[in-house]
file my_file.pdb (PDB, C-alpha atoms and all ligand atoms)
MODEL        1
ATOM      1  CA  MET A 106    -121.473  59.146 -45.384  1.00  0.00           C
ATOM      2  CA  PRO A 107    -119.008  62.059 -45.410  1.00  0.00           C
ATOM      3  CA  GLU A 108    -119.603  65.222 -43.368  1.00  0.00           C
ATOM      4  CA  ARG A 109    -120.092  67.297 -46.529  1.00  0.00           C
ATOM      5  CA  LEU A 110    -123.269  65.314 -47.308  1.00  0.00           C
ATOM      6  CA  LYS A 111    -125.019  65.915 -44.000  1.00  0.00           C
ATOM      7  CA  ARG A 112    -127.829  67.889 -45.590  1.00  0.00           C
ATOM      8  CA  PHE A 113    -128.391  65.212 -48.219  1.00  0.00           C
ATOM      9  CA  GLN A 114    -128.598  62.629 -45.485  1.00  0.00           C
ATOM     10  CA  ARG A 115    -131.300  64.658 -43.781  1.00  0.00           C
ATOM     11  CA  THR A 116    -133.380  65.645 -46.816  1.00  0.00           C
ATOM     12  CA  GLY A 117    -132.572  63.075 -49.504  1.00  0.00           C
ATOM     13  CA  VAL A 118    -131.896  65.937 -51.912  1.00  0.00           C
ATOM     14  CA  LEU A 119    -128.390  66.974 -52.903  1.00  0.00           C
ATOM     15  CA  SER A 120    -127.748  70.694 -52.699  1.00  0.00           C
ATOM     16  CA  GLU A 121    -125.743  72.496 -55.383  1.00  0.00           C
ATOM     17  CA  ARG A 122    -123.125  73.195 -52.733  1.00  0.00           C
ATOM     18  CA  GLU A 123    -122.808  69.569 -51.703  1.00  0.00           C
ATOM     19  CA  LEU A 124    -122.465  68.522 -55.291  1.00  0.00           C
ATOM     20  CA  LEU A 125    -119.781  71.083 -56.055  1.00  0.00           C
ATOM     21  CA  LYS A 126    -117.748  69.768 -53.142  1.00  0.00           C
ATOM     22  CA  GLY A 127    -117.840  66.298 -54.662  1.00  0.00           C
ATOM     23  CA  ARG A 128    -115.620  64.724 -57.281  1.00  0.00           C
ATOM     24  CA  GLN A 129    -118.002  64.179 -60.173  1.00  0.00           C
ATOM     25  CA  VAL A 130    -118.622  67.738 -61.324  1.00  0.00           C
ATOM     26  CA  PRO A 131    -116.473  69.632 -63.841  1.00  0.00           C
ATOM     27  CA  ASP A 132    -114.617  72.599 -62.359  1.00  0.00           C
ATOM     28  CA  ALA A 133    -115.195  76.089 -63.750  1.00  0.00           C
ATOM     29  CA  LYS A 134    -112.340  75.796 -66.258  1.00  0.00           C
ATOM     30  CA  ARG A 135    -113.468  72.404 -67.614  1.00  0.00           C
ATOM     31  CA  LEU A 136    -117.092  73.516 -67.708  1.00  0.00           C
ATOM     32  CA  LYS A 137    -116.212  76.233 -70.193  1.00  0.00           C
ATOM     33  CA  GLN A 138    -114.155  73.915 -72.388  1.00  0.00           C
ATOM     34  CA  GLY A 139    -117.123  71.881 -73.628  1.00  0.00           C
ATOM     35  CA  PRO A 140    -119.856  69.398 -72.679  1.00  0.00           C
ATOM     36  CA  ALA A 141    -119.109  67.319 -69.607  1.00  0.00           C
ATOM     37  CA  VAL A 142    -120.796  64.703 -67.512  1.00  0.00           C
ATOM     38  CA  VAL A 143    -122.063  65.377 -63.974  1.00  0.00           C
ATOM     39  CA  ILE A 144    -122.525  62.281 -61.839  1.00  0.00           C
ATOM     40  CA  GLU A 145    -124.720  62.808 -58.797  1.00  0.00           C
ATOM     41  CA  CYS A 146    -124.161  59.426 -57.227  1.00  0.00           C
ATOM     42  CA  VAL A 147    -123.277  59.591 -53.547  1.00  0.00           C
ATOM     43  CA  GLU A 148    -124.434  56.368 -51.940  1.00  0.00           C
ATOM     44  CA  GLU A 149    -122.121  53.413 -51.780  1.00  0.00           C
ATOM     45  CA  ILE A 150    -124.149  50.477 -53.076  1.00  0.00           C
ATOM     46  CA  PRO A 151    -123.042  47.832 -55.578  1.00  0.00           C
ATOM     47  CA  CYS A 152    -123.569  49.364 -59.012  1.00  0.00           C
ATOM     48  CA  ASN A 153    -121.389  50.252 -61.991  1.00  0.00           C
ATOM     49  CA  PRO A 154    -123.208  50.460 -65.374  1.00  0.00           C
ATOM     50  CA  CYS A 155    -121.824  53.988 -65.765  1.00  0.00           C
ATOM     51  CA  ALA A 156    -118.298  52.631 -66.051  1.00  0.00           C
ATOM     52  CA  GLY A 157    -119.242  50.119 -68.739  1.00  0.00           C
ATOM     53  CA  ALA A 158    -121.326  52.650 -70.664  1.00  0.00           C
ATOM     54  CA  CYS A 159    -118.518  55.069 -71.393  1.00  0.00           C
ATOM     55  CA  PRO A 160    -116.685  54.267 -74.641  1.00  0.00           C
ATOM     56  CA  ARG A 161    -113.852  56.602 -73.638  1.00  0.00           C
ATOM     57  CA  GLY A 162    -113.138  55.028 -70.271  1.00  0.00           C
ATOM     58  CA  ALA A 163    -113.882  58.305 -68.536  1.00  0.00           C
ATOM     59  CA  VAL A 164    -115.758  56.718 -65.621  1.00  0.00           C
ATOM     60  CA  THR A 165    -114.312  54.254 -63.152  1.00  0.00           C
ATOM     61  CA  VAL A 166    -115.913  52.525 -60.198  1.00  0.00           C
ATOM     62  CA  ALA A 167    -112.960  51.203 -58.210  1.00  0.00           C
ATOM     63  CA  PRO A 168    -111.440  49.617 -56.239  1.00  0.00           C
ATOM     64  CA  SER A 169    -114.719  47.844 -55.459  1.00  0.00           C
ATOM     65  CA  LEU A 170    -118.247  47.688 -56.817  1.00  0.00           C
ATOM     66  CA  VAL A 171    -119.500  49.869 -53.974  1.00  0.00           C
ATOM     67  CA  SER A 172    -116.980  52.622 -54.679  1.00  0.00           C
ATOM     68  CA  LEU A 173    -118.418  55.871 -55.963  1.00  0.00           C
ATOM     69  CA  PRO A 174    -117.853  56.596 -59.648  1.00  0.00           C
ATOM     70  CA  LYS A 175    -114.962  58.857 -60.543  1.00  0.00           C
ATOM     71  CA  VAL A 176    -114.784  60.915 -63.726  1.00  0.00           C
ATOM     72  CA  ASP A 177    -111.654  61.687 -65.715  1.00  0.00           C
ATOM     73  CA  TYR A 178    -112.660  64.984 -67.263  1.00  0.00           C
ATOM     74  CA  ALA A 179    -109.757  64.877 -69.680  1.00  0.00           C
ATOM     75  CA  LYS A 180    -111.457  61.850 -71.294  1.00  0.00           C
ATOM     76  CA  CYS A 181    -115.141  62.809 -71.120  1.00  0.00           C
ATOM     77  CA  ASN A 182    -116.457  64.625 -74.178  1.00  0.00           C
ATOM     78  CA  GLY A 183    -120.044  64.919 -72.989  1.00  0.00           C
ATOM     79  CA  CYS A 184    -121.411  62.462 -75.566  1.00  0.00           C
ATOM     80  CA  THR A 185    -124.383  61.594 -73.257  1.00  0.00           C
ATOM     81  CA  LEU A 186    -124.127  57.830 -73.911  1.00  0.00           C
ATOM     82  CA  CYS A 187    -124.005  57.090 -70.188  1.00  0.00           C
ATOM     83  CA  VAL A 188    -127.091  59.118 -69.215  1.00  0.00           C
ATOM     84  CA  ALA A 189    -129.735  56.453 -69.865  1.00  0.00           C
ATOM     85  CA  ARG A 190    -127.610  53.661 -68.448  1.00  0.00           C
ATOM     86  CA  CYS A 191    -127.718  54.739 -64.828  1.00  0.00           C
ATOM     87  CA  PRO A 192    -130.364  52.893 -62.807  1.00  0.00           C
ATOM     88  CA  GLY A 193    -130.330  55.727 -60.257  1.00  0.00           C
ATOM     89  CA  LEU A 194    -131.073  58.419 -62.877  1.00  0.00           C
ATOM     90  CA  ALA A 195    -128.062  60.187 -61.427  1.00  0.00           C
ATOM     91  CA  ILE A 196    -126.130  61.079 -64.600  1.00  0.00           C
ATOM     92  CA  PHE A 197    -126.440  64.391 -66.420  1.00  0.00           C
ATOM     93  CA  VAL A 198    -124.437  66.193 -69.079  1.00  0.00           C
ATOM     94  CA  VAL A 199    -123.957  69.947 -69.083  1.00  0.00           C
ATOM     95  CA  ASP A 200    -122.936  72.018 -72.092  1.00  0.00           C
ATOM     96  CA  TYR A 201    -122.233  75.399 -70.605  1.00  0.00           C
ATOM     97  CA  ASN A 202    -121.524  76.920 -74.037  1.00  0.00           C
ATOM     98  CA  HIS A 203    -124.778  75.884 -75.699  1.00  0.00           C
ATOM     99  CA  SER A 204    -125.425  79.515 -76.714  1.00  0.00           C
ATOM    100  CA  GLU A 205    -124.457  83.002 -75.651  1.00  0.00           C
ATOM    101  CA  SER A 206    -126.975  83.022 -72.823  1.00  0.00           C
ATOM    102  CA  GLU A 207    -127.959  79.391 -72.337  1.00  0.00           C
ATOM    103  CA  ALA A 208    -126.465  76.175 -71.044  1.00  0.00           C
ATOM    104  CA  ALA A 209    -127.800  72.806 -72.184  1.00  0.00           C
ATOM    105  CA  VAL A 210    -128.643  70.246 -69.517  1.00  0.00           C
ATOM    106  CA  THR A 211    -129.135  66.655 -70.675  1.00  0.00           C
ATOM    107  CA  LEU A 212    -131.041  64.373 -68.332  1.00  0.00           C
ATOM    108  CA  PRO A 213    -132.743  60.974 -68.186  1.00  0.00           C
ATOM    109  CA  TRP A 214    -136.535  60.853 -68.500  1.00  0.00           C
ATOM    110  CA  GLU A 215    -138.598  57.746 -67.814  1.00  0.00           C
ATOM    111  CA  MET A 216    -141.955  59.471 -67.434  1.00  0.00           C
ATOM    112  CA  LEU A 217    -144.854  59.946 -69.837  1.00  0.00           C
ATOM    113  CA  PRO A 218    -145.640  62.059 -71.701  1.00  0.00           C
ATOM    114  CA  ARG A 219    -142.353  62.538 -73.467  1.00  0.00           C
ATOM    115  CA  PRO A 220    -141.534  66.151 -74.226  1.00  0.00           C
ATOM    116  CA  GLU A 221    -141.398  67.348 -77.830  1.00  0.00           C
ATOM    117  CA  LYS A 222    -138.327  68.820 -79.444  1.00  0.00           C
ATOM    118  CA  GLY A 223    -138.834  72.557 -79.805  1.00  0.00           C
ATOM    119  CA  GLY A 224    -141.469  72.611 -77.070  1.00  0.00           C
ATOM    120  CA  ARG A 225    -141.342  74.393 -73.741  1.00  0.00           C
ATOM    121  CA  VAL A 226    -141.337  72.743 -70.327  1.00  0.00           C
ATOM    122  CA  THR A 227    -141.006  73.889 -66.737  1.00  0.00           C
ATOM    123  CA  ALA A 228    -137.499  73.112 -65.533  1.00  0.00           C
ATOM    124  CA  LEU A 229    -137.292  71.821 -61.957  1.00  0.00           C
ATOM    125  CA  ASP A 230    -134.546  71.583 -59.386  1.00  0.00           C
ATOM    126  CA  ARG A 231    -133.468  68.448 -57.492  1.00  0.00           C
ATOM    127  CA  ALA A 232    -136.341  68.838 -55.056  1.00  0.00           C
ATOM    128  CA  GLY A 233    -138.911  69.203 -57.844  1.00  0.00           C
ATOM    129  CA  ARG A 234    -139.313  72.952 -57.413  1.00  0.00           C
ATOM    130  CA  PRO A 235    -139.812  75.089 -60.536  1.00  0.00           C
ATOM    131  CA  VAL A 236    -136.670  76.953 -61.634  1.00  0.00           C
ATOM    132  CA  CYS A 237    -137.484  78.466 -65.039  1.00  0.00           C
ATOM    133  CA  ARG A 238    -139.040  77.767 -68.409  1.00  0.00           C
ATOM    134  CA  ALA A 239    -136.815  75.719 -70.681  1.00  0.00           C
ATOM    135  CA  ARG A 240    -136.664  74.889 -74.372  1.00  0.00           C
ATOM    136  CA  VAL A 241    -136.436  71.241 -75.368  1.00  0.00           C
ATOM    137  CA  VAL A 242    -133.565  71.012 -77.838  1.00  0.00           C
ATOM    138  CA  ARG A 243    -133.222  67.244 -78.190  1.00  0.00           C
ATOM    139  CA  VAL A 244    -135.183  64.103 -77.340  1.00  0.00           C
ATOM    140  CA  LEU A 245    -133.587  60.692 -77.826  1.00  0.00           C
ATOM    141  CA  ASP A 246    -136.053  57.863 -77.292  1.00  0.00           C
ATOM    142  CA  THR A 247    -134.901  54.709 -79.025  1.00  0.00           C
ATOM    143  CA  LYS A 248    -135.428  51.042 -78.283  1.00  0.00           C
ATOM    144  CA  ALA A 249    -131.777  50.730 -77.330  1.00  0.00           C
ATOM    145  CA  LEU A 250    -132.326  53.200 -74.502  1.00  0.00           C
ATOM    146  CA  ASP A 251    -134.744  50.748 -72.872  1.00  0.00           C
ATOM    147  CA  ARG A 252    -137.615  53.137 -72.053  1.00  0.00           C
ATOM    148  CA  CYS A 253    -135.379  55.846 -70.661  1.00  0.00           C
ATOM    149  CA  ALA A 254    -135.449  58.863 -72.954  1.00  0.00           C
ATOM    150  CA  VAL A 255    -132.544  61.288 -72.951  1.00  0.00           C
ATOM    151  CA  VAL A 256    -133.729  64.878 -73.034  1.00  0.00           C
ATOM    152  CA  THR A 257    -131.721  68.063 -73.488  1.00  0.00           C
ATOM    153  CA  LEU A 258    -133.038  71.386 -72.190  1.00  0.00           C
ATOM    154  CA  ALA A 259    -131.694  74.858 -72.897  1.00  0.00           C
ATOM    155  CA  VAL A 260    -131.764  76.933 -69.719  1.00  0.00           C
ATOM    156  CA  PRO A 261    -130.218  80.249 -68.633  1.00  0.00           C
ATOM    157  CA  LYS A 262    -126.522  79.657 -67.918  1.00  0.00           C
ATOM    158  CA  ARG A 263    -126.852  80.460 -64.245  1.00  0.00           C
ATOM    159  CA  PHE A 264    -129.054  77.395 -63.787  1.00  0.00           C
ATOM    160  CA  TRP A 265    -126.609  74.826 -65.196  1.00  0.00           C
ATOM    161  CA  ASN A 266    -126.172  73.216 -61.797  1.00  0.00           C
ATOM    162  CA  ARG A 267    -129.726  73.673 -60.596  1.00  0.00           C
ATOM    163  CA  VAL A 268    -131.992  72.262 -63.311  1.00  0.00           C
ATOM    164  CA  ARG A 269    -132.197  68.491 -62.999  1.00  0.00           C
ATOM    165  CA  SER A 270    -135.733  67.644 -64.044  1.00  0.00           C
ATOM    166  CA  PHE A 271    -138.780  69.161 -65.719  1.00  0.00           C
ATOM    167  CA  ARG A 272    -142.539  69.122 -65.942  1.00  0.00           C
ATOM    168  CA  VAL A 273    -144.437  68.506 -69.166  1.00  0.00           C
ATOM    169  CA  GLY A 274    -147.889  70.029 -69.156  1.00  0.00           C
ATOM    170  CA  LYS A 275    -149.696  69.022 -66.000  1.00  0.00           C
ATOM    171  CA  ALA A 276    -147.617  65.888 -65.401  1.00  0.00           C
ATOM    172  CA  ALA A 277    -144.749  66.346 -62.953  1.00  0.00           C
ATOM    173  CA  GLY A 278    -141.764  64.214 -62.087  1.00  0.00           C
ATOM    174  CA  THR A 279    -138.170  64.328 -61.027  1.00  0.00           C
ATOM    175  CA  ALA A 280    -135.266  62.863 -62.932  1.00  0.00           C
ATOM    176  CA  GLY A 281    -133.143  61.888 -59.990  1.00  0.00           C
ATOM    177  CA  ALA A 282    -131.922  63.282 -56.732  1.00  0.00           C
ATOM    178  CA  GLY A 283    -128.525  61.756 -56.366  1.00  0.00           C
ATOM    179  CA  ARG A 284    -129.423  58.340 -55.069  1.00  0.00           C
ATOM    180  CA  LYS A 285    -129.020  54.889 -56.493  1.00  0.00           C
ATOM    181  CA  THR A 286    -132.756  54.298 -56.680  1.00  0.00           C
ATOM    182  CA  ARG A 287    -133.732  52.925 -60.063  1.00  0.00           C
ATOM    183  CA  THR A 288    -135.950  49.892 -60.378  1.00  0.00           C
ATOM    184  CA  ALA A 289    -134.401  46.576 -59.493  1.00  0.00           C
ATOM    185  CA  ASP A 290    -135.490  44.952 -62.758  1.00  0.00           C
ATOM    186  CA  ARG A 291    -133.346  47.339 -64.751  1.00  0.00           C
ATOM    187  CA  ARG A 292    -130.345  46.922 -62.449  1.00  0.00           C
ATOM    188  CA  SER A 293    -130.394  43.164 -62.816  1.00  0.00           C
ATOM    189  CA  ARG A 294    -130.135  43.229 -66.631  1.00  0.00           C
TER     190      ARG A 294
HETATM  191  S1  LIG B 301    -120.739  61.720 -71.391  1.00  0.00           S
HETATM  192 FE1  LIG B 301    -119.825  60.218 -72.841  1.00  0.00          FE
HETATM  193  S2  LIG B 301    -117.624  60.489 -72.583  1.00  0.00           S
HETATM  194 FE2  LIG B 301    -118.575  61.461 -70.806  1.00  0.00          FE
HETATM  195  S3  LIG B 301    -118.635  59.900 -69.222  1.00  0.00           S
HETATM  196 FE3  LIG B 301    -120.590  59.765 -70.310  1.00  0.00          FE
HETATM  197  S4  LIG B 301    -120.268  58.229 -71.909  1.00  0.00           S
HETATM  198 FE4  LIG B 301    -118.239  58.864 -71.177  1.00  0.00          FE
HETATM  199  S1  LIG B 302    -126.134  54.664 -59.659  1.00  0.00           S
HETATM  200 FE1  LIG B 302    -125.529  55.401 -61.692  1.00  0.00          FE
HETATM  201  S2  LIG B 302    -123.756  56.704 -61.334  1.00  0.00           S
HETATM  202 FE2  LIG B 302    -124.050  55.467 -59.488  1.00  0.00          FE
HETATM  203  S3  LIG B 302    -122.719  53.683 -59.780  1.00  0.00           S
HETATM  204 FE3  LIG B 302    -124.759  53.120 -60.559  1.00  0.00          FE
HETATM  205  S4  LIG B 302    -124.673  53.604 -62.764  1.00  0.00           S
HETATM  206 FE4  LIG B 302    -122.963  54.656 -61.781  1.00  0.00          FE
ENDMDL
END
call {"tool": "encode", "arguments": {"input": "my_file.pdb", "output": "structure tokens", "more": "lines below"}}
Ligand code: SF4
Ligand code: SF4
result
Amino acid sequence: MPERLKRFQRTGVLSERELLKGRQVPDAKRLKQGPAVVIECVEEIPCNPCAGACPRGAVTVAPSLVSLPKVDYAKCNGCTLCVARCPGLAIFVVDYNHSESEAAVTLPWEMLPRPEKGGRVTALDRAGRPVCRARVVRVLDTKALDRCAVVTLAVPKRFWNRVRSFRVGKAAGTAGAGRKTRTADRRSR
């Protein structure tokens, strides 16, 4: 594992700084141009559904199956189709221009209860710590998504790279901390 991921190796939680040093985050210019994917996948294990999920060919896992995914930000339009396809729950989409003061963070959600559109939840960081209150602006939960809902939260812009999960009511959970960790049954499909 590269030097820049030393903290992740120790804690199992990616820091914002570590992520920004990686290759799968839009730079400041791209972030302001429109919705874009953020891929928080840093462990080299055989996996590549993200590449097959993108209809625009924006994600590649090459030259081998254990290579880390690479994003071509000129191709990604932030459609969110790849979010539910990652067995590691490591794919997010950020729309920095959601509103004047808010960014929208789209994330995978396998837990129950599902949040309700228009409701409020507690947004959490990668370590499961509360960050802020967030508005639920979209919930996609179809059969095709195979039990992984895709939820979009509106959060203050400054938290675009911090919010990665949320808590509904008294139930808490995290949406992914940058590891290829999803259940084996899903990976084998
Ligand atoms: S958000 Fe859409 S366009 Fe971007 S990588 Fe994912 S599937 Fe491709
Ligand atoms: S864990 Fe997710 S992001 Fe990483 S290679 Fe697999 S599908 Fe792609």
call {"tool": "resolve_selection", "arguments": {"input": "my_file.pdb", "expression": "the PyMOL selection byres (((not hetatm)) within 8 of (chain B and resi 302))", "output": "list in words"}}
result
Ile144, Glu145, Cys146, Val147, Glu148, Ile150, Pro151, Cys152, Asn153, Pro154, Cys155, Ala156, Val166, Val171, Ser172, Leu173, Pro174, Arg190, Cys191, Pro192, Gly193, Leu194, Ala195, Ile196, Arg284, Lys285, Thr286 and Arg287 of chain A
call {"tool": "residues_around", "arguments": {"input": "my_file.pdb", "residues": "segment 250-256 of chain A", "least_positions_apart": "5", "cutoff": "7 Å", "atoms": "only C-alpha atoms", "output": "MDAnalysis selection string"}}
result
chainID A and resid 188:189 211:215 243:245
call {"tool": "atom_distance", "arguments": {"input": "my_file.pdb", "atom1": "atom CA of Arg272 of chain A", "atom2": "atom CA of Pro131 of chain A"}}
result
26.2 Å
call {"tool": "residues_near_ligand", "arguments": {"input": "my_file.pdb", "ligand": "ligand LIG 301 (chain B)", "cutoff": "7 Å", "atoms": "all atoms listed in the file", "output": "ChimeraX atom specification"}}
result
/A:141-142,158-164,176,180-188,198
call {"tool": "resolve_selection", "arguments": {"input": "my_file.pdb", "expression": "the PyMOL selection byres (((chain A and resi 121) around 10) and not hetatm)", "output": "list of chain:residue names"}}
result
A:Val118, A:Leu119, A:Ser120, A:Arg122, A:Glu123, A:Leu124, A:Leu125, A:Lys126, A:Asp230, A:Arg231, A:Asn266, A:Arg267
call {"tool": "residues_around", "arguments": {"input": "my_file.pdb", "residues": "Val226 of chain A", "least_positions_apart": "6", "cutoff": "9 Å", "atoms": "all atoms listed in the file", "output": "ChimeraX atom specification"}}
result
/A:220,237-241,258,271-274
call {"tool": "closest_residue", "arguments": {"input": "my_file.pdb", "among": "A:Phe197, A:Leu217, A:Ser204, A:Lys248", "to": "Arg269 of chain A", "atoms": "all atoms listed in the file"}}
result
A:Phe197
call {"tool": "atom_distance", "arguments": {"input": "my_file.pdb", "atom1": "atom CA of Thr116 of chain A", "atom2": "atom CA of Ala209 of chain A"}}
result
26.9 Å
call {"tool": "closest_residue", "arguments": {"input": "my_file.pdb", "among": "A:Val260, A:Val268, A:Lys134, A:Tyr201", "to": "Arg234 of chain A", "atoms": "only C-alpha atoms"}}
result
A:Val268
call {"tool": "atom_distance", "arguments": {"input": "my_file.pdb", "atom1": "atom CA of Pro235 of chain A", "atom2": "atom CA of Phe264 of chain A"}}
result
11.5 Å
call {"tool": "closest_residue", "arguments": {"input": "my_file.pdb", "among": "A:Ala249, A:Leu110, A:Val242, A:Ala179", "to": "Ala208 of chain A", "atoms": "all atoms listed in the file"}}
result
A:Val242
call {"tool": "axis_aligned_box", "arguments": {"input": "my_file.pdb", "around": "segment 240-246 of chain A", "padding_each_side": "8 Å", "output": "JSON"}}
result
{"center_x": -134.9, "center_y": 66.4, "center_z": -76.3, "size_x": 19.4, "size_y": 33.0, "size_z": 19.8}
call {"tool": "closest_residue", "arguments": {"input": "my_file.pdb", "among": "A:Ala232, A:Val199, A:Asp246, A:Arg225", "to": "Arg263 of chain A", "atoms": "all atoms listed in the file"}}
result
A:Val199
call {"tool": "build_atoms", "arguments": {"input": "my_file.pdb", "residues": "segment 131-152 of chain A", "atoms": "N, CA and C atoms", "output": "JSON list (two decimals), in the frame of the given file"}}
result
[["chain", "number", "residue", "atom", "x", "y", "z"],
["A", 131, "PRO", "N", -117.59, 68.92, -63.23],
["A", 131, "PRO", "CA", -116.47, 69.63, -63.84],
["A", 131, "PRO", "C", -116.19, 70.94, -63.11],
["A", 132, "ASP", "N", -114.92, 71.30, -62.98],
["A", 132, "ASP", "CA", -114.62, 72.60, -62.36],
["A", 132, "ASP", "C", -114.90, 73.72, -63.37],
["A", 133, "ALA", "N", -114.79, 74.95, -62.92],
["A", 133, "ALA", "CA", -115.20, 76.09, -63.75],
["A", 133, "ALA", "C", -114.44, 76.11, -65.08],
["A", 134, "LYS", "N", -113.16, 75.77, -65.03],
["A", 134, "LYS", "CA", -112.34, 75.80, -66.26],
["A", 134, "LYS", "C", -112.83, 74.72, -67.24],
["A", 135, "ARG", "N", -113.03, 73.50, -66.75],
["A", 135, "ARG", "CA", -113.47, 72.40, -67.61],
["A", 135, "ARG", "C", -114.88, 72.66, -68.15],
["A", 136, "LEU", "N", -115.71, 73.24, -67.31],
["A", 136, "LEU", "CA", -117.09, 73.52, -67.71],
["A", 136, "LEU", "C", -117.12, 74.37, -68.97],
["A", 137, "LYS", "N", -116.21, 75.32, -69.06],
["A", 137, "LYS", "CA", -116.21, 76.23, -70.19],
["A", 137, "LYS", "C", -115.51, 75.67, -71.41],
["A", 138, "GLN", "N", -114.87, 74.52, -71.25],
["A", 138, "GLN", "CA", -114.16, 73.92, -72.39],
["A", 138, "GLN", "C", -115.05, 73.07, -73.28],
["A", 139, "GLY", "N", -116.24, 72.70, -72.81],
["A", 139, "GLY", "CA", -117.12, 71.88, -73.63],
["A", 139, "GLY", "C", -117.99, 70.99, -72.78],
["A", 140, "PRO", "N", -118.92, 70.23, -73.42],
["A", 140, "PRO", "CA", -119.86, 69.40, -72.68],
["A", 140, "PRO", "C", -119.16, 68.42, -71.76],
["A", 141, "ALA", "N", -119.73, 68.20, -70.59],
["A", 141, "ALA", "CA", -119.11, 67.32, -69.61],
["A", 141, "ALA", "C", -120.18, 66.65, -68.75],
["A", 142, "VAL", "N", -119.87, 65.46, -68.34],
["A", 142, "VAL", "CA", -120.80, 64.70, -67.51],
["A", 142, "VAL", "C", -120.79, 65.22, -66.07],
["A", 143, "VAL", "N", -121.95, 65.10, -65.41],
["A", 143, "VAL", "CA", -122.06, 65.38, -63.97],
["A", 143, "VAL", "C", -122.70, 64.13, -63.37],
["A", 144, "ILE", "N", -121.99, 63.50, -62.44],
["A", 144, "ILE", "CA", -122.52, 62.28, -61.84],
["A", 144, "ILE", "C", -122.91, 62.55, -60.39],
["A", 145, "GLU", "N", -124.20, 62.46, -60.12],
["A", 145, "GLU", "CA", -124.72, 62.81, -58.80],
["A", 145, "GLU", "C", -125.02, 61.55, -57.99],
["A", 146, "CYS", "N", -124.03, 60.73, -57.88],
["A", 146, "CYS", "CA", -124.16, 59.43, -57.23],
["A", 146, "CYS", "C", -123.33, 59.47, -55.95],
["A", 147, "VAL", "N", -124.00, 59.39, -54.80],
["A", 147, "VAL", "CA", -123.28, 59.59, -53.55],
["A", 147, "VAL", "C", -123.45, 58.47, -52.54],
["A", 148, "GLU", "N", -124.22, 57.46, -52.90],
["A", 148, "GLU", "CA", -124.43, 56.37, -51.94],
["A", 148, "GLU", "C", -123.68, 55.13, -52.38],
["A", 149, "GLU", "N", -123.01, 54.53, -51.43],
["A", 149, "GLU", "CA", -122.12, 53.41, -51.78],
["A", 149, "GLU", "C", -122.87, 52.08, -51.79],
["A", 150, "ILE", "N", -123.50, 51.78, -52.92],
["A", 150, "ILE", "CA", -124.15, 50.48, -53.08],
["A", 150, "ILE", "C", -123.56, 49.82, -54.32],
["A", 151, "PRO", "N", -123.67, 48.50, -54.44],
["A", 151, "PRO", "CA", -123.04, 47.83, -55.58],
["A", 151, "PRO", "C", -123.71, 48.19, -56.91],
["A", 152, "CYS", "N", -123.00, 48.90, -57.74],
["A", 152, "CYS", "CA", -123.57, 49.36, -59.01],
["A", 152, "CYS", "C", -122.43, 49.93, -59.86]]
